[in-house]
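These notes concern the structure reproduced below.
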Amino acid sequence: MQLIDGKATAAAIKAEIAEEVKQIVSAGGKQPHLAAVLVGHDGGSETYVKNKVLACEACGFKSTLIRYEDDVTEDELLACVDRLNNDGDVDGFIIQLPLPEHIDEQRIIEAIDYRKDVDGFHPVNVGRMAIGLPCFISATPLGILTLLNRYNIGTSGKKCVILGRSNIVGKPMAQLMMQKQYGDATVTVCHSRSKTLKEECRAADIIIAAIGRPGFVTADMVKEGAVVVDVGTTRVPDASRKSGFRLSGDVKFDEVAPKCSFITPVPGGVGPMTICSLMKNTLEASRRHTI
C-alpha cells in the first residue's frame, strides 16, 4: 500500500507555480491576481478562504478578500460580481459557498464571467468540460486527476466507481474519468439509492468516494489492489481534540488501506490539492488575460 500524499504534492506544485510567476514578473509580465468573496462567518469557509490567501502568497499571486455579513442582499452581491468581472487587474475570482439561504447561489454563479470563473462552476465551463473543450475544471476533480497523474496511476481501460453525484465532485469527476484525454476509464456512478453499490465497488479498480458519509466505504467493499481516493471531509465531534472535532473521510482508512495499492488519507490527501488546483486555474486565467 502506498499513501498518496496530497500535502507534499500540493507544496511541490505551488513551488513550481511560484517559479513560473517569478519568471513572468521578471520579464515584465503581470502578477496573477485572485479575489475571493466571503459572506458571513462559517467556520469551514473561514478556514478555506484563509488557506487560499496563504496559497496565493506561496505562489507569488496578488490576493484580495472581500467580506460581507450574512445579511448582504442578493443585489449587493451581484453588484460585487459585476465589479470583479470588469476589474482588469483581477484574473479570477471565487464566491465562497455555501451562501445564506436568502441568496440564489445559481444566479450568483451564472453572473460570474466564465473567463474568470476559476472555481469552474459556471455552466459554460461545465458544458465545455463535458465535451472536452478547454475550460476551467472545478478544483477538487482537477486535484484528483493531478494526484493520479503525479503518482503514475494508470486509469485507461480501468473500472472506476464514483460514489456521489454532486455538481462539485461526483458529476464532473465522472465526466473527466470517462474522457479519453483524462481518465479514459469505464465509469459507474453510485449514490445513496444505488441497489448494487457494494457489488459495483467490489469490482472497481479505482474508487473515488465523495458521498459525504464518514466511514461509509468499508473493507468488504474494496477488492485487493484497488486505488481509493477519499474526498470526504466531515467534521466529527472529538472531545480529545482542542477544536472539539476531527475530520473524517468517507473511507474507513484503517481497515481499507491494507487492501489498496494506493489510497489518500484524510486530512492530507485530496484537500490540499483542491486549493492547489485553484492556483493552477488562476495562473491559467492570468495567461489568457494577457493574450
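Each chain in the C-alpha cells gets a letter, A, B and so on, in the order shown; residues start at 1 in every chain, and ligands are counted from 1 in the order they appear.
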
Residue set, stretch 3-97 of chain A restricted to helix (DSSP H, G or I), as a PyMOL selection string: chain A and resi 6-26+43-59+74-85

A:Leu97 environment, 10 Å, only C-alpha atoms, sequence neighbours closer than 5 positions dropped, as a ChimeraX atom specification: /A:37-39,42,45,105

With C-alpha atoms retained, could you export that selection as a short mmCIF file (atom, residue, chain, number, x, y, z; two decimals), in the first residue's frame?
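Output file selection.cif is given in full below:
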```cif
data_model
loop_
_atom_site.label_atom_id
_atom_site.label_comp_id
_atom_site.auth_asym_id
_atom_site.auth_seq_id
_atom_site.Cartn_x
_atom_site.Cartn_y
_atom_site.Cartn_z
CA VAL A 37 -15.73 36.89 -1.73
CA LEU A 38 -16.70 35.58 1.70
CA VAL A 39 -20.21 36.00 3.12
CA ASP A 42 -18.98 29.97 8.68
CA SER A 45 -15.47 28.70 4.87
CA GLU A 105 -26.45 30.57 -5.42
#
```

Using only C-alpha atoms, find each residue of stretch 40-88 of chain A with at least one atom at most 9 Å away from an atom of stretch 111-123 of chain A; report its shortest atom-to-atom pair and that distance in Å (one decimal), sort the rows by chain and rising residue number, and return the result as a Markdown table.
```
| residue | atom | partner | partner_atom | distance |
| --- | --- | --- | --- | --- |
| A:Leu78 | CA | A:Ala111 | CA | 7.0 |
| A:Val81 | CA | A:Ile112 | CA | 6.2 |
| A:Asp82 | CA | A:Ile112 | CA | 7.5 |
| A:Leu84 | CA | A:Ile112 | CA | 8.5 |
| A:Asn85 | CA | A:Asp113 | CA | 5.8 |
| A:Asn86 | CA | A:Asp113 | CA | 8.9 |
```

Pick from A:Met173, A:Gly29, A:Arg150, A:Met279 nearest to A:Phe61, counting only C-alpha atoms: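 Going through A:Met173, A:Gly29, A:Arg150, A:Met279 one by one, the smallest distance to A:Phe61 is for A:Met279.
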
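When only C-alpha atoms are used to compute distances to A:Gln181, the closest of the residues A:Ala11, A:Thr155, A:Leu99, A:Phe216 turns out to be A:Thr155.
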
Output as CSV one row per residue of stretch 165-260 of chain A within 12 Å of stretch 128-134 of chain A: the closest atom pair and its distance in Å to one decimal place, counting only C-alpha atoms, sorted by chain and residue number ascending.
```
residue,atom,partner,partner_atom,distance
A:Lys171,CA,A:Ala130,CA,9.6
A:Pro172,CA,A:Ala130,CA,7.7
A:Met173,CA,A:Ala130,CA,10.2
A:Ala174,CA,A:Ala130,CA,9.6
A:Gln175,CA,A:Ala130,CA,6.0
A:Leu176,CA,A:Ala130,CA,7.6
A:Met177,CA,A:Ala130,CA,10.8
A:Met178,CA,A:Ala130,CA,10.0
A:Gln179,CA,A:Gly132,CA,7.3
A:Lys180,CA,A:Gly132,CA,8.9
A:Gln181,CA,A:Gly132,CA,8.0
A:Tyr182,CA,A:Gly132,CA,9.3
A:Gly183,CA,A:Gly132,CA,11.9
```

Using only C-alpha atoms: which of A:Glu57, A:Glu74, A:Glu20, A:Glu255 has the shortest distance to A:Ala219: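 The closest residue to A:Ala219 is A:Glu255.
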
Spatial neighbours of A:Ile275, 12 Å, only C-alpha atoms, chain gap at least 4 places, as a VMD selection string: chain A and resid 6 to 7 9 to 11 13 to 14 47 to 56 58 to 59 94 118 to 119 138 to 144 269 to 271 279 to 282

Picked from stretch 95-193 of chain A by DSSP as strand (DSSP E), as number ranges by chain: A: 95, 159-163, 186-190

Closest of A:Ala203, A:Ala257, A:Val222, A:Cys135 to A:Arg288 - atom-to-atom distances counting only C-alpha atoms: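 Looking only at the distances to A:Arg288, the closest residue turns out to be A:Cys135.
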
From A:Ala12, A:Asp104, A:Ser26, A:Ile137, residue lying nearest A:Glu284 [only C-alpha atoms]: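 Result for the nearest residue to A:Glu284: A:Ile137.
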
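The residue set within 9 Å of A:Asp220, counting only C-alpha atoms and dropping same-chain residues fewer than 4 places from it, reads Lys198, Arg202 and Val256 of chain A.
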
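Proximity to A:Ala204 at 6 Å, evaluated using only C-alpha atoms and with sequence-adjacent residues fewer than 2 positions away removed, yields A:Lys159, A:Cys160, A:Val161, A:Cys201, A:Arg202, A:Ile206.
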
Interatomic distance (Å, one decimal) between atom CA of A:Ile211 and atom CA of A:Gly164: 4.4 Å

Computed interatomic separation between atom CA of A:Val231 and atom CA of A:Leu283 (Å): 24.2 Å
